[in-house]
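Data first, discussion second: the structure below is written as structure tokens.
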2 protein chains.
Amino acid sequence: MANPLTRKLEHFARLSDDDRHALDTMAGQHVRERRARADLIREGDKPEHVKLILTGWACRYKVMEDGRRQILSFFVPGDLCDLNVYILREMDHSIGAITPVSYAQISREAFEEATDGRTRMMQALLWDALVSSAIQREWIANIGQRSAVGRIAHLLLELFYRLEAVGLTKGDACEMPITQAEFADALGMTAVHVNRMIQELRAAGLIELAGKRLSILDRDALTRTAHFNAQYLHLQREGRHFDANN
Amino acid sequence: MANPLTRKLEHFARLSDDDRHALDTMAGQHVRERRARADLIREGDKPEHVKLILTGWACRYKVMEDGRRQILSFFVPGDLCDLNVYILREMDHSIGAITPVSYAQISREAFEEATDGRTRMMQALLWDALVSSAIQREWIANIGQRSAVGRIAHLLLELFYRLEAVGLTKGDACEMPITQAEFADALGMTAVHVNRMIQELRAAGLIELAGKRLSILDRDALTRTAHFNAQYLHLQREGRHFDANN
DNA sequence: CGTAGCTTTGACGAGGGTCAAAATAAGTGG
DNA sequence: CCACTTATTTTGACCCTCGTCAAAGCTACG
């Protein structure tokens, strides 16, 4: 199967074989493994590489002074941490593995070499970066405005669509290795309340969630309770003028 | 006075006269005005330009299905909306003026012309984009984890530091044209509660806030109640190798 | 100086937090 | 594959922070 980044970028532009090859090379070099709960990089470290998640799930997070933790985003296969991170002097947050993870470390040189002269691929990467930013904004709206059930429903749908974009769903089901405590840290609520709200979603027949697996039983109803609008994921191909003609 | 974007970018790299000139050209073309409460661009519109705020305050926001509004970020002079927005097919949020605003509209061509061959300036712009992203993440942590007073204190400090970076503070005071209802929309709380919390900050002698003006009376105490750590703004110059030697 | 917009107050209610313990599930070493 | 340990999920009782509704003062500005 194609590497998940390539697969995702094809939602924006039809890539050439040369583009695909460059992406595969990028994804195949300096592959590291990390086991569940280990950090890929810590707040304060100097970021030397862009990281590309190949398999497994990870998250960005920040630990507050009082020990509480905020998860800032989830990474699934095909996700890059910020392009050009290495411009910054130090990380202002950490990235940790949720499940066992394998990822590629892309140095500045490797990145520049891969994108040099490949305008379409670079544009696809910029599109991906803009989408990541849009996701962050949606999280602000999610935490700021939605009710507890709505927040959970919204996050589940987001993750489902993102997994679908890289081919990691089967019908209405997908992996969902996130614990309720992690949902709580991501959504700004307590694990206890997350639990109650998930039970509500189950009781209403909207989802099945157990054993690190999610099934969406009633997508319309779930979409309605989440007030979910997939537009912010910008997943429809954006225009033919970005297609490769190879 | 230098244009505010140039002034901000100097926190990252010492720019050459040529860089500064290119930035001034960019900031001087296609300048538009908008009065308070008018939109610069709306959700659903095709983004054709990067916008650079020259004077006045604006914000990104999103209106939810139930009519509630989430403000996603504030723009002060020197702030750019996302680099490369024109890659996206349509806006997933709106940008609205808070005060009367003047801003430059930078087309793709103008942007590419300005950055072409100016590596250092491009890096400074990428740094700015990474910082914007860091600010968004901090908002997630702010809304998700902090108490109501903490949230307000944190936002006030962030805005103060950002204004300081573009030379818009005088000692411990600065403009603060944001209404309590807008604070509420930005922080995921109600205007009534914002009001009560501001009164608490005033009563504790930490701030003075009235007539669209903020004075920080006790910065240490405010920093403590906000659990504020300016690291995420990445304002210290990041390294000499980025300096121009002109 | 009149009207719209913003801030402030008060009373009351509810969504979600806290604390603590039980019930399950998932690992781990022997 | 079992026995034991460690995570994770669930439940229950209680209460606090923040939201709601509504009205009254202020401010600003045409």
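Scheme for the structure tokens: letters A, B, ... for chains in order shown; per-chain residue numbers from 1; ligand numbers from 1 in order shown.
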Write out, as a Markdown table, each residue of chain C that has an atom at most 10 Å from chain B, together with the closest pair of atoms and their distance in Å to one decimal, counting only C-alpha atoms (C1' of nucleotides), rows going by chain and rising number.
| residue | atom | partner | partner_atom | distance |
| --- | --- | --- | --- | --- |
| C:DC6 | C1' | B:Thr179 | CA | 7.5 |
| C:DT7 | C1' | B:Asn195 | CA | 7.5 |
| C:DT8 | C1' | B:Asn195 | CA | 7.6 |
| C:DT9 | C1' | B:Val192 | CA | 9.8 |
Excluding same-chain residues fewer than 5 positions from DG27 (chain C), what lies within 10 Å of it counting only C-alpha atoms (C1' of nucleotides), as a ChimeraX atom specification?
-> /D:5-7
Those same residues - N, CA and C atoms (P, O5', C5', C4', C3', O3' and C1' of nucleotides) - I'd like them written as a CSV table (one decimal), in the first residue's frame.
chain,number,residue,atom,x,y,z
D,5,DT,P,0.5,-9.3,43.2
D,5,DT,O5',0.6,-8.2,42.0
D,5,DT,C5',1.6,-8.4,41.0
D,5,DT,C4',1.5,-7.3,40.0
D,5,DT,C3',1.2,-5.9,40.6
D,5,DT,O3',2.1,-5.0,40.1
D,5,DT,C1',-0.3,-6.5,38.8
D,6,DT,P,1.9,-3.4,40.4
D,6,DT,O5',1.2,-2.8,39.1
D,6,DT,C5',1.6,-3.3,37.8
D,6,DT,C4',0.8,-2.6,36.8
D,6,DT,C3',0.5,-1.2,37.1
D,6,DT,O3',0.8,-0.4,36.0
D,6,DT,C1',-1.5,-2.4,36.6
D,7,DA,P,0.3,1.0,35.7
D,7,DA,O5',-0.5,0.7,34.4
D,7,DA,C5',-1.5,1.6,34.1
D,7,DA,C4',-2.3,1.1,33.0
D,7,DA,C3',-3.3,2.1,32.6
D,7,DA,O3',-3.5,2.1,31.2
D,7,DA,C1',-4.4,0.2,33.5
What is the CA of Glu43 (chain A) to CA of Tyr61 (chain A) distance in Å?
-> 9.0 Å
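If you take only C-alpha atoms and a cut-off of 6 Å, the residues of chain A that reach chain B are A:Gln70, A:Arg89, A:Asp92, A:Ile140, A:Ala141, A:Gly144, A:Gln145, A:Gly188, A:Tyr232, A:Glu238.
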Give the residues of chain D that lie within 8 Å of chain A; count only C-alpha atoms (C1' of nucleotides), and format the answer as a ChimeraX atom specification.
-> /D:8-10
Can those selected residues be exported to a file as a compact mmCIF listing (two decimals), in the first residue's frame so that it contains N, CA and C atoms (P, O5', C5', C4', C3', O3' and C1' of nucleotides)?
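Writing the result to selection_5.txt gives the following:
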# COMPACT_ATOMS: atom_id res chain seq x y z
P DT D 8 -4.13 3.33 30.52
O5' DT D 8 -5.67 2.93 30.61
C5' DT D 8 -6.08 1.71 30.04
C4' DT D 8 -7.55 1.48 30.37
C3' DT D 8 -8.42 2.73 30.24
O3' DT D 8 -9.38 2.46 29.23
C1' DT D 8 -8.92 1.52 32.19
P DT D 9 -10.54 3.49 28.92
O5' DT D 9 -11.73 2.89 29.79
C5' DT D 9 -12.21 1.61 29.50
C4' DT D 9 -13.33 1.25 30.46
C3' DT D 9 -14.56 2.18 30.41
O3' DT D 9 -15.69 1.33 30.38
C1' DT D 9 -13.81 1.93 32.63
P DT D 10 -17.12 1.93 29.92
O5' DT D 10 -17.93 1.95 31.28
C5' DT D 10 -17.41 1.25 32.31
C4' DT D 10 -18.24 1.23 33.57
C3' DT D 10 -19.44 2.17 33.70
O3' DT D 10 -20.52 1.43 34.25
C1' DT D 10 -17.90 2.53 35.48
